[in-house]
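> Just one file: coords23.txt, with compact mmCIF, C-alpha atoms.
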```txt
# COMPACT_ATOMS: atom_id res chain seq x y z
CA MET G 1 181.83 149.89 62.06
CA ARG G 2 180.93 152.29 59.26
CA ARG G 3 178.25 153.85 61.42
CA LEU G 4 180.66 154.22 64.33
CA PHE G 5 183.26 155.74 61.97
CA ARG G 6 180.78 158.35 60.80
CA LEU G 7 179.81 159.27 64.35
CA VAL G 8 183.39 159.57 65.58
CA VAL G 9 185.27 161.03 62.62
CA ARG G 10 182.78 163.49 61.19
CA PRO G 11 179.34 164.69 62.31
CA PRO G 12 176.45 163.41 60.20
CA ALA G 13 174.98 165.78 57.63
CA VAL G 14 171.73 165.97 59.61
CA GLU G 15 173.51 167.25 62.71
CA GLN G 16 175.40 169.79 60.61
CA GLU G 17 172.10 171.06 59.21
CA ILE G 18 170.57 171.29 62.71
CA ASP G 19 173.58 173.18 64.07
CA ALA G 20 173.48 175.58 61.10
CA GLU G 21 169.76 176.19 61.63
CA ILE G 22 170.19 176.87 65.35
CA SER G 23 173.17 179.19 64.68
CA PHE G 24 171.11 181.10 62.14
CA HIS G 25 168.29 181.72 64.67
CA LEU G 26 170.76 182.78 67.38
CA GLU G 27 172.54 185.18 65.04
CA GLU G 28 169.25 186.74 63.89
CA GLU G 29 168.12 187.21 67.49
CA ALA G 30 171.52 188.70 68.41
CA ARG G 31 171.31 191.20 65.51
CA ALA G 32 167.87 192.28 66.70
CA ARG G 33 169.22 192.84 70.23
CA MET G 34 172.18 194.84 68.92
CA ALA G 35 169.78 197.03 66.93
CA LEU G 36 168.21 197.91 70.26
CA GLY G 37 171.58 198.98 71.64
CA ASP G 38 173.07 195.85 73.22
CA ASP G 39 176.74 195.06 72.70
CA PRO G 40 177.52 191.83 70.73
CA ASP G 41 178.36 189.66 73.76
CA THR G 42 175.28 190.76 75.71
CA ALA G 43 173.11 190.36 72.62
CA MET G 44 174.35 186.78 71.98
CA ALA G 45 173.94 185.83 75.66
CA GLU G 46 170.39 187.16 75.68
CA ALA G 47 169.66 185.32 72.40
CA ARG G 48 170.85 182.01 73.91
CA LYS G 49 168.77 182.66 77.05
CA ARG G 50 165.62 183.34 75.02
CA PHE G 51 166.22 180.32 72.77
CA GLY G 52 166.10 177.86 75.68
CA ASN G 53 167.86 174.51 76.16
CA LEU G 54 170.08 174.08 73.10
CA LYS G 55 170.88 170.43 73.82
CA ALA G 56 167.25 169.42 74.21
CA THR G 57 166.23 171.35 71.10
CA ARG G 58 169.01 169.76 69.05
CA ALA G 59 167.96 166.26 70.21
CA ALA G 60 164.29 166.95 69.43
CA LEU G 61 165.07 168.22 65.94
CA ALA G 62 167.32 165.21 65.27
CA ARG G 63 164.57 162.83 66.38
CA ILE G 64 162.00 164.51 64.13
CA ASP G 65 164.37 164.32 61.19
CA ARG G 66 165.11 160.62 61.83
CA GLU G 67 161.41 159.80 61.96
CA ARG G 68 160.81 161.69 58.72
CA ARG G 69 163.65 159.90 56.96
CA MET G 70 162.46 156.48 58.24
CA GLN G 71 158.97 157.17 56.90
CA GLN G 72 160.45 158.13 53.56
CA ARG G 73 162.55 154.96 53.45
CA ARG G 74 159.53 152.80 54.34
CA ALA G 75 157.46 154.44 51.64
CA SER G 76 160.28 154.01 49.12
CA ARG G 77 160.79 150.35 49.99
CA PHE G 78 157.06 149.65 49.84
CA ALA G 79 156.86 151.32 46.44
CA ASP G 80 159.84 149.26 45.21
CA LEU G 81 158.25 146.08 46.57
CA MET G 82 154.92 146.78 44.87
CA GLN G 83 156.75 147.54 41.63
CA ASP G 84 158.68 144.24 41.86
CA VAL G 85 155.51 142.30 42.71
CA GLY G 86 153.71 143.87 39.78
CA TYR G 87 156.59 143.08 37.44
CA ALA G 88 156.75 139.47 38.69
CA PHE G 89 152.98 139.06 38.36
CA ARG G 90 153.01 140.33 34.78
CA GLY G 91 155.92 138.01 33.96
CA PHE G 92 154.15 135.00 35.50
CA ARG G 93 150.95 135.86 33.65
CA ARG G 94 152.81 135.89 30.35
CA GLN G 95 154.55 132.57 31.17
CA PRO G 96 152.25 130.47 33.43
CA GLY G 97 154.32 127.32 32.93
CA PHE G 98 157.45 129.05 34.16
CA ALA G 99 155.49 130.53 37.07
CA LEU G 100 154.27 127.08 38.11
CA MET G 101 157.81 125.69 37.91
CA VAL G 102 159.12 128.53 40.10
CA ILE G 103 156.37 128.04 42.69
CA LEU G 104 156.93 124.27 42.80
CA THR G 105 160.71 124.73 43.08
CA LEU G 106 160.33 127.20 45.93
CA GLY G 107 157.81 124.95 47.68
CA LEU G 108 160.02 121.89 47.37
CA GLY G 109 163.12 123.83 48.48
CA ILE G 110 161.42 125.35 51.51
CA GLY G 111 159.83 122.03 52.45
CA ALA G 112 163.10 120.12 52.10
CA ASN G 113 164.99 122.68 54.15
CA ALA G 114 162.33 122.70 56.85
CA THR G 115 162.37 118.90 56.98
CA MET G 116 166.16 118.69 57.12
CA PHE G 117 166.32 121.34 59.83
CA GLY G 118 163.75 119.38 61.83
CA VAL G 119 165.88 116.24 61.55
CA VAL G 120 169.13 118.06 62.37
CA ASP G 121 167.44 119.88 65.24
CA ARG G 122 166.08 116.61 66.61
CA LEU G 123 169.31 114.63 66.20
CA LEU G 124 172.06 117.18 66.83
CA LEU G 125 170.73 120.35 68.43
CA ARG G 126 168.15 119.16 70.93
CA PRO G 127 168.19 116.11 73.20
CA PRO G 128 165.30 113.66 72.84
CA ALA G 129 162.16 114.67 74.70
CA PHE G 130 161.98 113.58 78.35
CA LEU G 131 165.60 112.32 78.39
CA GLU G 132 166.89 112.35 81.96
CA HIS G 133 170.21 114.18 82.54
CA PRO G 134 170.82 114.90 78.84
CA ASP G 135 174.16 116.53 79.72
CA ARG G 136 175.45 113.11 80.83
CA ALA G 137 173.68 110.90 78.28
CA GLY G 138 174.64 109.99 74.74
CA ARG G 139 174.86 107.28 72.11
CA VAL G 140 177.84 104.95 71.94
CA TYR G 141 179.76 105.03 68.65
CA ILE G 142 182.39 102.54 67.50
CA ARG G 143 185.49 103.38 65.47
CA ARG G 144 186.20 100.42 63.18
CA PRO G 145 189.60 100.19 61.40
CA LEU G 146 189.53 99.54 57.65
CA PRO G 147 192.13 97.60 55.61
CA ASP G 148 193.43 100.81 53.98
CA GLY G 149 194.24 102.33 57.39
CA ALA G 150 191.20 104.59 57.52
CA GLU G 151 188.44 104.35 60.11
CA ARG G 152 184.69 103.99 59.94
CA ILE G 153 182.49 105.38 62.69
CA ASP G 154 179.48 103.18 63.33
CA ASN G 155 176.67 103.26 65.86
CA ASN G 156 175.41 99.71 65.27
CA ILE G 157 176.57 96.98 67.62
CA SER G 158 175.50 93.45 68.49
CA TYR G 159 173.36 92.57 71.47
CA ARG G 160 176.26 90.69 73.06
CA ARG G 161 178.54 93.72 72.60
CA TYR G 162 175.90 95.94 74.17
CA ARG G 163 175.74 93.71 77.25
CA GLU G 164 179.53 93.74 77.57
CA LEU G 165 179.86 97.52 77.11
CA SER G 166 177.09 98.08 79.66
CA ALA G 167 179.54 96.84 82.30
CA ALA G 168 181.79 99.92 81.83
CA ARG G 169 182.44 101.40 85.29
CA SER G 170 181.80 104.97 84.13
CA PHE G 171 178.20 104.17 83.12
CA GLU G 172 175.37 104.82 85.53
CA ALA G 173 172.83 103.29 83.15
CA ALA G 174 172.75 101.83 79.63
CA ALA G 175 170.00 100.78 77.26
CA ALA G 176 169.63 99.25 73.81
CA PHE G 177 167.14 100.26 71.14
CA TYR G 178 166.32 99.66 67.49
CA ASP G 179 163.81 101.68 65.47
CA ASP G 180 162.14 99.53 62.83
CA GLN G 181 160.08 101.38 60.21
CA GLU G 182 158.95 98.24 58.37
CA HIS G 183 157.01 96.35 61.00
CA VAL G 184 153.46 95.42 60.08
CA VAL G 185 151.14 96.27 62.95
CA GLY G 186 147.59 95.00 63.20
CA SER G 187 145.65 92.41 61.22
CA GLY G 188 143.21 92.29 58.36
CA GLU G 189 142.29 95.55 56.65
CA SER G 190 143.73 97.61 59.52
CA ALA G 191 147.23 96.10 59.14
CA ARG G 192 149.89 98.47 57.83
CA GLN G 193 153.56 99.26 58.16
CA MET G 194 154.30 101.46 61.15
CA ASP G 195 157.25 102.50 63.26
CA VAL G 196 157.98 100.02 66.04
CA SER G 197 160.79 100.51 68.58
CA LEU G 198 162.54 97.49 70.05
CA VAL G 199 163.90 98.64 73.41
CA SER G 200 165.50 97.03 76.42
CA ALA G 201 163.75 97.16 79.79
CA SER G 202 166.50 99.55 80.93
CA PHE G 203 165.36 102.00 78.24
CA TRP G 204 162.44 103.38 80.26
CA PRO G 205 164.46 104.60 83.29
CA MET G 206 166.64 106.63 80.91
CA PHE G 207 163.69 109.00 80.50
CA GLU G 208 161.60 110.97 82.94
CA VAL G 209 158.33 109.38 81.86
CA SER G 210 155.51 107.37 83.32
CA PRO G 211 152.85 105.46 81.39
CA VAL G 212 149.51 107.21 81.03
CA LEU G 213 147.89 103.81 81.26
CA GLY G 214 149.10 100.45 82.54
CA ARG G 215 152.87 99.96 82.91
CA PHE G 216 156.16 99.60 81.06
CA PHE G 217 157.77 96.16 80.68
CA GLY G 218 160.56 95.16 83.07
CA GLU G 219 163.68 93.00 83.14
CA GLU G 220 161.74 89.79 83.65
CA GLU G 221 159.99 90.40 80.30
CA ASP G 222 163.21 91.27 78.49
CA ARG G 223 165.22 88.12 79.12
CA THR G 224 167.11 86.10 76.53
CA PRO G 225 166.43 84.24 74.40
CA GLY G 226 162.89 85.24 73.41
CA GLY G 227 161.60 87.80 75.88
CA SER G 228 157.89 88.09 76.55
CA PRO G 229 155.20 89.00 73.99
CA VAL G 230 154.16 92.29 75.62
CA VAL G 231 153.77 95.69 73.99
CA VAL G 232 153.52 99.32 75.11
CA LEU G 233 151.49 101.46 72.72
CA GLY G 234 152.53 104.91 71.52
CA TYR G 235 150.10 107.62 72.63
CA GLY G 236 149.15 108.67 69.08
CA PHE G 237 148.57 105.07 67.97
CA TRP G 238 146.41 104.47 71.04
CA GLN G 239 144.29 107.50 70.18
CA SER G 240 143.98 106.79 66.45
CA GLU G 241 143.48 103.01 66.56
CA PHE G 242 141.76 102.51 69.91
CA ALA G 243 140.12 105.93 70.38
CA GLY G 244 141.92 106.31 73.72
CA ASP G 245 139.98 103.37 75.18
CA PRO G 246 141.37 102.51 78.66
CA ALA G 247 140.08 98.94 78.17
CA VAL G 248 142.92 98.36 75.68
CA ILE G 249 145.04 96.87 78.47
CA GLY G 250 145.12 93.09 78.06
CA LYS G 251 144.11 93.10 74.40
CA GLN G 252 146.13 91.30 71.73
CA LEU G 253 147.96 93.21 68.99
CA LEU G 254 149.78 91.64 66.06
CA VAL G 255 153.27 93.11 65.64
CA GLY G 256 154.73 91.27 62.70
CA PRO G 257 153.68 87.61 62.82
CA ARG G 258 153.49 87.48 66.61
CA ALA G 259 150.64 88.45 68.93
CA TYR G 260 151.61 90.79 71.79
CA THR G 261 149.61 91.63 74.89
CA VAL G 262 149.09 95.35 75.50
CA ILE G 263 150.35 96.26 78.98
CA GLY G 264 150.65 100.05 78.81
CA VAL G 265 150.52 103.32 76.89
CA ALA G 266 153.44 105.76 76.62
CA PRO G 267 152.81 109.46 77.37
CA ASP G 268 151.88 112.01 74.75
CA GLY G 269 154.91 113.43 72.90
CA PHE G 270 157.21 110.55 73.80
CA ASN G 271 158.90 108.76 70.89
CA GLY G 272 162.01 107.46 72.60
CA MET G 273 165.06 107.96 70.37
CA SER G 274 163.07 107.96 67.14
CA THR G 275 162.51 111.05 64.98
CA ARG G 276 159.14 109.63 63.91
CA ARG G 277 155.94 108.80 65.73
CA VAL G 278 156.32 105.34 67.28
CA ALA G 279 153.27 103.07 67.21
CA ALA G 280 154.49 100.42 69.63
CA TYR G 281 157.39 99.42 71.88
CA ILE G 282 158.30 95.75 72.35
CA PRO G 283 161.10 94.08 74.36
CA ILE G 284 164.28 94.03 72.33
CA THR G 285 164.85 90.35 73.13
CA ALA G 286 161.42 89.45 71.72
CA GLY G 287 162.03 91.35 68.50
CA ALA G 288 165.59 90.05 68.11
CA HIS G 289 164.58 86.43 68.65
CA GLU G 290 161.86 86.77 66.06
CA GLU G 291 164.36 88.17 63.54
CA PHE G 292 167.60 86.29 64.28
CA GLY G 293 166.73 83.30 66.45
CA ASP G 294 168.99 82.30 69.35
CA ARG G 295 172.18 83.51 67.63
CA TYR G 296 171.59 87.20 68.35
CA PHE G 297 172.74 87.04 71.99
CA THR G 298 175.63 84.58 71.58
CA THR G 299 177.60 86.21 68.74
CA HIS G 300 179.34 89.55 68.15
CA ASN G 301 178.79 89.38 64.40
CA ILE G 302 175.17 90.58 64.18
CA SER G 303 175.44 94.36 64.53
CA TRP G 304 172.02 95.91 64.39
CA LEU G 305 171.05 97.82 67.54
CA GLU G 306 172.10 101.16 69.03
CA MET G 307 173.23 101.87 72.55
CA LEU G 308 172.30 104.76 74.82
CA ALA G 309 174.34 105.32 78.00
CA ARG G 310 174.43 107.80 80.87
CA ARG G 311 177.67 108.66 82.65
CA LYS G 312 177.90 108.64 86.40
CA ALA G 313 177.75 112.04 88.07
CA GLY G 314 181.21 113.57 88.25
CA VAL G 315 182.64 111.45 85.41
CA SER G 316 183.86 113.57 82.50
CA ALA G 317 183.18 112.70 78.89
CA GLU G 318 186.90 112.11 78.32
CA ALA G 319 187.15 109.70 81.26
CA ALA G 320 184.03 107.85 80.07
CA ASP G 321 185.49 107.58 76.54
CA ALA G 322 188.68 106.05 77.90
CA ASP G 323 186.78 103.66 80.15
CA VAL G 324 184.35 102.41 77.51
CA THR G 325 187.23 102.08 75.01
CA LEU G 326 189.06 99.81 77.43
CA THR G 327 185.87 97.79 77.95
CA PHE G 328 185.41 97.58 74.19
CA GLN G 329 188.96 96.33 73.66
CA GLN G 330 188.42 93.69 76.33
CA SER G 331 185.29 92.63 74.50
CA LEU G 332 187.22 92.43 71.23
CA ALA G 333 189.92 90.34 72.88
CA ALA G 334 187.30 87.65 73.53
CA GLN G 335 186.83 87.24 69.77
CA PRO G 336 189.46 84.94 68.20
CA GLU G 337 188.90 86.46 64.75
CA TYR G 338 190.34 89.80 65.86
CA ARG G 339 194.10 90.23 65.47
CA PRO G 340 196.15 92.13 68.11
CA GLU G 341 197.02 94.97 65.70
CA THR G 342 193.33 95.48 64.99
CA LEU G 343 192.54 95.43 68.70
CA ALA G 344 195.10 98.17 69.42
CA ARG G 345 193.46 100.55 66.96
CA SER G 346 189.84 99.95 67.95
CA ARG G 347 188.00 102.53 70.03
CA ALA G 348 184.50 103.11 71.33
```
Before we go any further, please render this structure as structure tokens.


Amino acid sequence: MRRLFRLVVRPPAVEQEIDAEISFHLEEEARARMALGDDPDTAMAEARKRFGNLKATRAALARIDRERRMQQRRASRFADLMQDVGYAFRGFRRQPGFALMVILTLGLGIGANATMFGVVDRLLLRPPAFLEHPDRAGRVYIRRPLPDGAERIDNNISYRRYRELSAARSFEAAAAFYDDQEHVVGSGESARQMDVSLVSASFWPMFEVSPVLGRFFGEEEDRTPGGSPVVVLGYGFWQSEFAGDPAVIGKQLLVGPRAYTVIGVAPDGFNGMSTRRVAAYIPITAGAHEEFGDRYFTTHNISWLEMLARRKAGVSAEAADADVTLTFQQSLAAQPEYRPETLARSRA
């Protein structure tokens, strides 16, 4: 706005100087013509004719002046920068402990900000890699009323609640998943804690992916109560632990205390809904049965997994919210421990 104000209200000093210079040359040429006998008007007209295109000359002079001033500013800024760097270097040399503290603080600050931006970018700004129809897909969150009248927004639900909410008419597809960062994978000296994702069989069709080797597990391997002991390896884990050996299919891999049969390898760059590199994917029923026993699929009180759903084409987010809220309230009504006033305030 300041620049526009200068251009509109008063001509810049540079343009004033250029106009004064051009006027000076025209007046000198006109005086020379009048000395030869021309009248003032004829002399000025002839001076303008001999001078050439005034507009083009003015623009060329302005451009030359701008370039000169930019070079001067660059040189001045570079000199200031070198002076500041020299001053900082001398200060750090006099106080090396302070210099080290500053460098460490900057390094930690930049690293923390870069890490946090990566997490925020992954969770909030960009959809997960390979997610099909990301404009219609999203996690399901639950609003839970608190005794003081406030609400708590939670994304953890029970397996039974997930199955009941999956029946919402506005959903085209739904899947359950749980990212466990404390699973011990492998045996002997090679065993270590790694990221393992427990996912439902319906998880794979939510993404536009195909296994690079073998296959993904299906519904018949993800049945209650205990599922089947099969595992799909993450691409990075397959490369690092099995050297990309295609003969890995059919081998046994310990995931926790249970042996799982390798049936496939996920594609490179695919980590499902996790922000970390996933080593293995197992059926959610198998992992839940190992952790909770048979109770996990018969009760609403074990809230541990997350739900991913995709709306049907043409269904708005508002309509889907209303539909899944109604389904959620119907699910709550099946629980005798929920009072009617609590039911009325509960939303998905």

> Show which residues sit within 7 Å of segment 312-314 of chain G, as a list in words. Count all atoms listed in the file, and ignore same-chain residues fewer than 2 positions away.

Ser170, Phe171, Glu172, Arg310 and Ser316 of chain G

> Using all atoms listed in the file, determine which residues lie at most 12 Å from Ala247 of chain G, disregarding the query and same-chain residues fewer than 5 positions distant; provide the list as a PDB file with C-alpha atoms, in the coordinates of the input.


```pdb
ATOM      1  CA  LEU G 213     147.890 103.810  81.260  1.00  0.00           C
ATOM      2  CA  GLY G 214     149.100 100.450  82.540  1.00  0.00           C
ATOM      3  CA  TRP G 238     146.410 104.470  71.040  1.00  0.00           C
ATOM      4  CA  PHE G 242     141.760 102.510  69.910  1.00  0.00           C
ATOM      5  CA  GLN G 252     146.130  91.300  71.730  1.00  0.00           C
ATOM      6  CA  VAL G 262     149.090  95.350  75.500  1.00  0.00           C
ATOM      7  CA  ILE G 263     150.350  96.260  78.980  1.00  0.00           C
ATOM      8  CA  GLY G 264     150.650 100.050  78.810  1.00  0.00           C
ATOM      9  CA  VAL G 265     150.520 103.320  76.890  1.00  0.00           C
TER      10      VAL G 265
END
```

> Smallest atom-to-atom distance to Leu332 of chain G: which of G:Ala173, G:Leu165, G:Ile103, G:Leu308, using only C-alpha atoms?

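Checking each candidate against Leu332 of chain G, we get G:Leu165 as the closest.
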
> I'd like to know which of G:Leu26, G:Ala280, G:Met206, G:Ala333 is closest to Gln193 of chain G, using only C-alpha atoms.

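The shortest atom-to-atom distance to Gln193 of chain G comes from G:Ala280.
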
> What does the distance from atom CA of Arg311 of chain G to atom CA of Asp323 of chain G come to in Å, to one decimal?

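Result for atom CA of Arg311 of chain G versus atom CA of Asp323 of chain G: 10.7 Å, one decimal.
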
> Would you work out the distance separating atom CA of Glu306 of chain G from atom CA of Arg258 of chain G, expressed in Å to one decimal?

23.2 Å

> From the options G:Thr325, G:Glu15, G:Ser166, G:Arg152, which residue's atoms come nearest to Lys55 of chain G, counting all atoms listed in the file?

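Of all the options, G:Glu15 lies closest to Lys55 of chain G.
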
> Looking at G:Arg48, G:Asp41, G:Ala279, G:Val315, which one is nearest to Ser23 of chain G, with distances taken over all atoms listed in the file?

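Nearest to Ser23 of chain G: G:Arg48.
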
> With distances taken over only C-alpha atoms, which residue among G:Phe130, G:Tyr159, G:Phe78, G:Phe237 lies nearest Ile302 of chain G?

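Among the listed residues, G:Tyr159 lies closest to Ile302 of chain G.
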
> So that I can check the surroundings of Ala175 of chain G, please list as a PyMOL selection string every protein, DNA and RNA residue that reaches within 7 Å of it, counting only C-alpha atoms and ignoring chain neighbours fewer than 6 positions away.

chain G and resi 200+202-203+307-309

> Would you compute the distance between atom CA of Val199 of chain G and atom CA of Asp179 of chain G? Give it in Å to one decimal.

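Going from atom CA of Val199 of chain G over to atom CA of Asp179 of chain G covers 8.5 Å.
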
> Extract, using all atoms listed in the file, all DNA, RNA and protein residues at most 8 Å from Tyr281 of chain G, discarding same-chain residues fewer than 4 positions from it, and format them as a list in words.

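So the residues in contact are Val196, Ser197, Leu198, Val199, Val231, Val232, Leu233 and Gly234 of chain G.
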
> Provide an axis-aligned box for all listed atoms of segment 131-144 of chain G, padding each side by 5 Å; report its centre and its edge lengths in Å to one decimal, as JSON.


```
{"center_x": 175.9, "center_y": 108.5, "center_z": 72.9, "size_x": 30.6, "size_y": 26.1, "size_z": 29.4}
```

> I'd like the contact shell of Pro267 of chain G - 8 Å cut-off, all atoms listed in the file, skipping same-chain residues fewer than 6 positions apart - returned as number ranges by chain.

G: 209-212, 234-235

> Counting all atoms listed in the file, which of G:Ala167, G:Leu108, G:Ile18, G:Ala259 gets nearest to Leu326 of chain G?

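For Leu326 of chain G, the nearest of the given residues is G:Ala167.
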
> Dump as a list in words all residues having an atom at most 6 Å from (159.9, 108.7, 73.9), computed in the file's coordinates with only C-alpha atoms.

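Using only C-alpha atoms, the matching residues come out as Phe270, Asn271 and Gly272 of chain G.
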
> Mind rebuilding segment 59-82 of chain G with N, CA and C atoms and writing that out as a short mmCIF file (atom, residue, chain, number, x, y, z; two decimals), in the frame of the given file?


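Dumped everything to rebuild_18.cif:
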```cif
data_model
loop_
_atom_site.label_atom_id
_atom_site.label_comp_id
_atom_site.auth_asym_id
_atom_site.auth_seq_id
_atom_site.Cartn_x
_atom_site.Cartn_y
_atom_site.Cartn_z
N ALA G 59 168.39 167.66 70.17
CA ALA G 59 167.96 166.26 70.21
C ALA G 59 166.56 166.09 69.63
N ALA G 60 165.65 167.04 69.95
CA ALA G 60 164.29 166.95 69.43
C ALA G 60 164.26 167.09 67.92
N LEU G 61 165.03 168.04 67.39
CA LEU G 61 165.07 168.22 65.94
C LEU G 61 165.67 167.00 65.26
N ALA G 62 166.71 166.40 65.86
CA ALA G 62 167.32 165.21 65.27
C ALA G 62 166.33 164.05 65.26
N ARG G 63 165.55 163.91 66.33
CA ARG G 63 164.57 162.83 66.38
C ARG G 63 163.50 163.02 65.31
N ILE G 64 163.02 164.24 65.15
CA ILE G 64 162.00 164.51 64.13
C ILE G 64 162.53 164.20 62.74
N ASP G 65 163.80 164.59 62.50
CA ASP G 65 164.37 164.32 61.19
C ASP G 65 164.54 162.82 60.95
N ARG G 66 164.96 162.07 61.98
CA ARG G 66 165.11 160.62 61.83
C ARG G 66 163.79 159.96 61.50
N GLU G 67 162.73 160.38 62.21
CA GLU G 67 161.41 159.80 61.96
C GLU G 67 160.95 160.11 60.54
N ARG G 68 161.21 161.33 60.08
CA ARG G 68 160.81 161.69 58.72
C ARG G 68 161.55 160.85 57.70
N ARG G 69 162.86 160.68 57.91
CA ARG G 69 163.65 159.90 56.96
C ARG G 69 163.23 158.42 56.98
N MET G 70 162.92 157.87 58.17
CA MET G 70 162.46 156.48 58.24
C MET G 70 161.15 156.29 57.49
N GLN G 71 160.23 157.26 57.63
CA GLN G 71 158.97 157.17 56.90
C GLN G 71 159.20 157.22 55.40
N GLN G 72 160.14 158.06 54.98
CA GLN G 72 160.45 158.13 53.56
C GLN G 72 161.05 156.82 53.06
N ARG G 73 161.95 156.23 53.86
CA ARG G 73 162.55 154.96 53.45
C ARG G 73 161.50 153.86 53.37
N ARG G 74 160.59 153.82 54.38
CA ARG G 74 159.53 152.80 54.34
C ARG G 74 158.67 152.96 53.10
N ALA G 75 158.30 154.21 52.81
CA ALA G 75 157.46 154.44 51.64
C ALA G 75 158.18 154.05 50.37
N SER G 76 159.50 154.35 50.31
CA SER G 76 160.28 154.01 49.12
C SER G 76 160.40 152.50 48.96
N ARG G 77 160.67 151.80 50.07
CA ARG G 77 160.79 150.35 49.99
C ARG G 77 159.47 149.69 49.61
N PHE G 78 158.36 150.21 50.16
CA PHE G 78 157.06 149.65 49.84
C PHE G 78 156.76 149.86 48.36
N ALA G 79 157.10 151.05 47.86
CA ALA G 79 156.86 151.32 46.44
C ALA G 79 157.71 150.39 45.58
N ASP G 80 158.97 150.18 45.96
CA ASP G 80 159.84 149.26 45.21
C ASP G 80 159.29 147.84 45.25
N LEU G 81 158.79 147.42 46.45
CA LEU G 81 158.25 146.08 46.57
C LEU G 81 157.03 145.90 45.69
N MET G 82 156.12 146.88 45.69
CA MET G 82 154.92 146.78 44.87
C MET G 82 155.28 146.76 43.39
#
```
